[in-house]
Amino acid sequence: MIIDGKAAAATLRAEVAAEVAKLARAPGLGVVLVGEDPASAVYVRSKNKACREAGMLGFEHKLPAGTPEADLLALVRQLNDDDSVDGILVQLPLPAHIDTNKVIATVSPHKDVDGFHPENVGRLASGLHGFVPCTPMGCLMLIKAVRGDLAGLDAVVIGRSNIVGKPMAQLLLGESCTVTVAHSRTRDLPAVVRRADIVVAAVGRPNMVTGDWLKPGATVIDVGINRGADGKLVGDVDFASAEGIAGAITPVPGGVGPMTIACLLKNTLTSAQRRQG
Ligand code: GUN
């Protein structure tokens, strides 16, 4: 079975739009892009478009690559103080001269729709309510749509980034999975992956996970967005060899990507509901 992330995302976006329509004021999302990274520019444009389609306001702030850190922090504080802004997203990666952790910590935890602020990271780890990062949140929704109750299942997350791997592991742990976080130093990765009922691949290595690594029937979530030599998008999973072994698998594109944006809208809605409620 191929998991249709586009359809799942369309359903979630329609649900969000219906809730937005009930609010007295349209939710606002401040999106900050520093520099001209083409991939980031594409993401930021689609985030703004999705906002408008859900009845939200997107406030786009494009800053030149050489923007001093102090200017970026000042903009973030201005968005923190702006009552028409319910969510703030600073697109990563930031240029090397800017301290990313400092920027993340400056975003108000109450507007941190990316779920990157240390307070929200801690809340997720403690099982408390807070903002959950959009990509792992979308992955979990897809996994639950396929598997239902996840309790007791073996889950392997490949990759340990703050944006995907670590929060994904926390979410699966919260669902009572037995969670393994594998990474570049893991020994015998194929053997580790072969134990998994659920595989989430988030490493950024094109076609790394092949069908012979998979337990038959496994649910495979491919977070990778890699550009092949021919310019086409390919995931971290070799779809051709994995498709016949996996019980369910996400394609690239059309799998996790659309869910990330839908979850961003969901988080922005949640923030607006809390702030207006
Ligand atoms: N860069 C790659 N993924 C993300 C994300 O989810 N949020 C932000 N802000 N930047 C990213």
# chains A, B, ... in the order shown; residues from 1 in each chain; ligands from 1
$ residues_near_ligand --ligand "ligand 1" --cutoff "7 Å" --atoms "only C-alpha atoms and all ligand atoms" --output "PDB file with C-alpha atoms, in the first residue's frame"
ATOM      1  CA  LEU A  89       8.520  30.357  11.861  1.00  0.00           C
ATOM      2  CA  VAL A  90      12.151  31.156  11.137  1.00  0.00           C
ATOM      3  CA  GLN A  91      13.149  29.022   8.185  1.00  0.00           C
ATOM      4  CA  LEU A  92      16.266  26.909   8.820  1.00  0.00           C
ATOM      5  CA  PRO A  93      19.108  26.613   8.031  1.00  0.00           C
ATOM      6  CA  ASP A 114       7.770  24.822  14.773  1.00  0.00           C
ATOM      7  CA  PRO A 133       7.519  19.899  15.378  1.00  0.00           C
ATOM      8  CA  CYS A 134       5.480  19.677  12.161  1.00  0.00           C
ATOM      9  CA  THR A 135       7.320  16.939  10.248  1.00  0.00           C
ATOM     10  CA  ILE A 163      13.881  18.826  13.687  1.00  0.00           C
TER      11      ILE A 163
END
$ residues_around --residues "Gly165 (chain A)" --least-positions-apart "6" --cutoff "8 Å" --atoms "only C-alpha atoms" --output "VMD selection string"
chain A and resid 136 157 to 159 181 202
$ residues_around --residues "region 245-248 of chain A" --least-positions-apart "3" --cutoff "7 Å" --atoms "only C-alpha atoms" --output "list in words"
Met1, Ile2, Ile3, Gly211, Leu214, Pro216, Gly217, Ala218, Thr219, Val220 and Ala242 of chain A
$ closest_residue --among "A:Phe116, A:Ala272, A:Glu69, A:Met137" --to "Pro258 (chain A)" --atoms "only C-alpha atoms"
A:Met137
$ residues_around --residues "Asp154 (chain A)" --least-positions-apart "6" --cutoff "12 Å" --atoms "only C-alpha atoms" --output "number ranges by chain"
A: 169, 172-173, 175-181, 192-200, 215, 218-219
$ write_last_selection --atoms "N, CA and C atoms" --output "PDB file, in the first residue's frame"
ATOM      1  N   ALA A 169      11.169  10.256  17.763  1.00  0.00           N
ATOM      2  CA  ALA A 169      11.381   9.205  18.768  1.00  0.00           C
ATOM      3  C   ALA A 169      10.512   9.470  20.002  1.00  0.00           C
ATOM      4  N   LEU A 172       6.839   8.588  19.233  1.00  0.00           N
ATOM      5  CA  LEU A 172       6.597   7.140  19.164  1.00  0.00           C
ATOM      6  C   LEU A 172       6.659   6.517  20.559  1.00  0.00           C
ATOM      7  N   LEU A 173       7.565   7.030  21.383  1.00  0.00           N
ATOM      8  CA  LEU A 173       7.641   6.582  22.775  1.00  0.00           C
ATOM      9  C   LEU A 173       6.329   6.905  23.499  1.00  0.00           C
ATOM     10  N   GLU A 175       3.529   6.901  22.223  1.00  0.00           N
ATOM     11  CA  GLU A 175       2.530   5.934  21.749  1.00  0.00           C
ATOM     12  C   GLU A 175       2.851   4.520  22.239  1.00  0.00           C
ATOM     13  N   SER A 176       3.804   4.406  23.160  1.00  0.00           N
ATOM     14  CA  SER A 176       4.200   3.117  23.759  1.00  0.00           C
ATOM     15  C   SER A 176       4.859   2.160  22.779  1.00  0.00           C
ATOM     16  N   CYS A 177       5.555   2.711  21.771  1.00  0.00           N
ATOM     17  CA  CYS A 177       6.408   1.877  20.927  1.00  0.00           C
ATOM     18  C   CYS A 177       7.722   1.604  21.662  1.00  0.00           C
ATOM     19  N   THR A 178       8.413   0.543  21.243  1.00  0.00           N
ATOM     20  CA  THR A 178       9.800   0.324  21.666  1.00  0.00           C
ATOM     21  C   THR A 178      10.664   1.008  20.616  1.00  0.00           C
ATOM     22  N   VAL A 179      11.334   2.083  21.010  1.00  0.00           N
ATOM     23  CA  VAL A 179      11.950   2.974  20.033  1.00  0.00           C
ATOM     24  C   VAL A 179      13.468   2.833  20.007  1.00  0.00           C
ATOM     25  N   THR A 180      14.013   2.685  18.828  1.00  0.00           N
ATOM     26  CA  THR A 180      15.461   2.727  18.616  1.00  0.00           C
ATOM     27  C   THR A 180      15.775   3.930  17.727  1.00  0.00           C
ATOM     28  N   VAL A 181      16.740   4.743  18.132  1.00  0.00           N
ATOM     29  CA  VAL A 181      17.192   5.847  17.288  1.00  0.00           C
ATOM     30  C   VAL A 181      18.543   5.460  16.697  1.00  0.00           C
ATOM     31  N   VAL A 192      19.434  -3.663  12.419  1.00  0.00           N
ATOM     32  CA  VAL A 192      18.597  -2.868  13.330  1.00  0.00           C
ATOM     33  C   VAL A 192      17.257  -2.559  12.659  1.00  0.00           C
ATOM     34  N   VAL A 193      17.314  -2.166  11.401  1.00  0.00           N
ATOM     35  CA  VAL A 193      16.090  -1.789  10.674  1.00  0.00           C
ATOM     36  C   VAL A 193      15.193  -3.010  10.467  1.00  0.00           C
ATOM     37  N   ARG A 194      15.814  -4.175  10.289  1.00  0.00           N
ATOM     38  CA  ARG A 194      15.052  -5.402  10.025  1.00  0.00           C
ATOM     39  C   ARG A 194      14.153  -5.809  11.186  1.00  0.00           C
ATOM     40  N   ARG A 195      14.424  -5.306  12.379  1.00  0.00           N
ATOM     41  CA  ARG A 195      13.583  -5.618  13.555  1.00  0.00           C
ATOM     42  C   ARG A 195      12.307  -4.784  13.580  1.00  0.00           C
ATOM     43  N   ALA A 196      12.250  -3.731  12.750  1.00  0.00           N
ATOM     44  CA  ALA A 196      11.242  -2.692  12.970  1.00  0.00           C
ATOM     45  C   ALA A 196       9.898  -2.989  12.309  1.00  0.00           C
ATOM     46  N   ASP A 197       8.820  -2.754  13.086  1.00  0.00           N
ATOM     47  CA  ASP A 197       7.471  -2.730  12.520  1.00  0.00           C
ATOM     48  C   ASP A 197       7.217  -1.380  11.853  1.00  0.00           C
ATOM     49  N   ILE A 198       7.897  -0.338  12.390  1.00  0.00           N
ATOM     50  CA  ILE A 198       7.759   1.018  11.856  1.00  0.00           C
ATOM     51  C   ILE A 198       9.161   1.560  11.608  1.00  0.00           C
ATOM     52  N   VAL A 199       9.406   2.041  10.393  1.00  0.00           N
ATOM     53  CA  VAL A 199      10.704   2.641  10.060  1.00  0.00           C
ATOM     54  C   VAL A 199      10.461   4.087   9.648  1.00  0.00           C
ATOM     55  N   VAL A 200      11.141   5.022  10.298  1.00  0.00           N
ATOM     56  CA  VAL A 200      11.105   6.415   9.856  1.00  0.00           C
ATOM     57  C   VAL A 200      12.521   6.777   9.430  1.00  0.00           C
ATOM     58  N   LYS A 215      11.633  -5.597   7.410  1.00  0.00           N
ATOM     59  CA  LYS A 215      10.807  -6.719   7.850  1.00  0.00           C
ATOM     60  C   LYS A 215       9.559  -6.719   6.970  1.00  0.00           C
ATOM     61  N   ALA A 218       6.381  -4.118   7.131  1.00  0.00           N
ATOM     62  CA  ALA A 218       6.714  -2.922   7.911  1.00  0.00           C
ATOM     63  C   ALA A 218       6.064  -1.660   7.317  1.00  0.00           C
ATOM     64  N   THR A 219       5.755  -0.711   8.212  1.00  0.00           N
ATOM     65  CA  THR A 219       5.282   0.607   7.775  1.00  0.00           C
ATOM     66  C   THR A 219       6.492   1.511   7.620  1.00  0.00           C
TER      67      THR A 219
END
$ residues_around --residues "region 223-226 of chain A" --least-positions-apart "6" --cutoff "12 Å" --atoms "only C-alpha atoms" --output "ChimeraX atom specification"
/A:5,39,134-140,142,157-159,161,163-165,168,199-209,232-239,249-260
$ atom_distance --atom1 "CA of Ala125 (chain A)" --atom2 "CA of Lys102 (chain A)"
20.5 Å
$ residues_around --residues "Glu36 (chain A)" --least-positions-apart "5" --cutoff "9 Å" --atoms "only C-alpha atoms" --output "PyMOL selection string"
chain A and resi 41+62-65
$ residues_around --residues "Ala24 (chain A)" --least-positions-apart "2" --cutoff "12 Å" --atoms "only C-alpha atoms" --output "PyMOL selection string"
chain A and resi 19-22+26-27+55-56+84+272-273+275-277
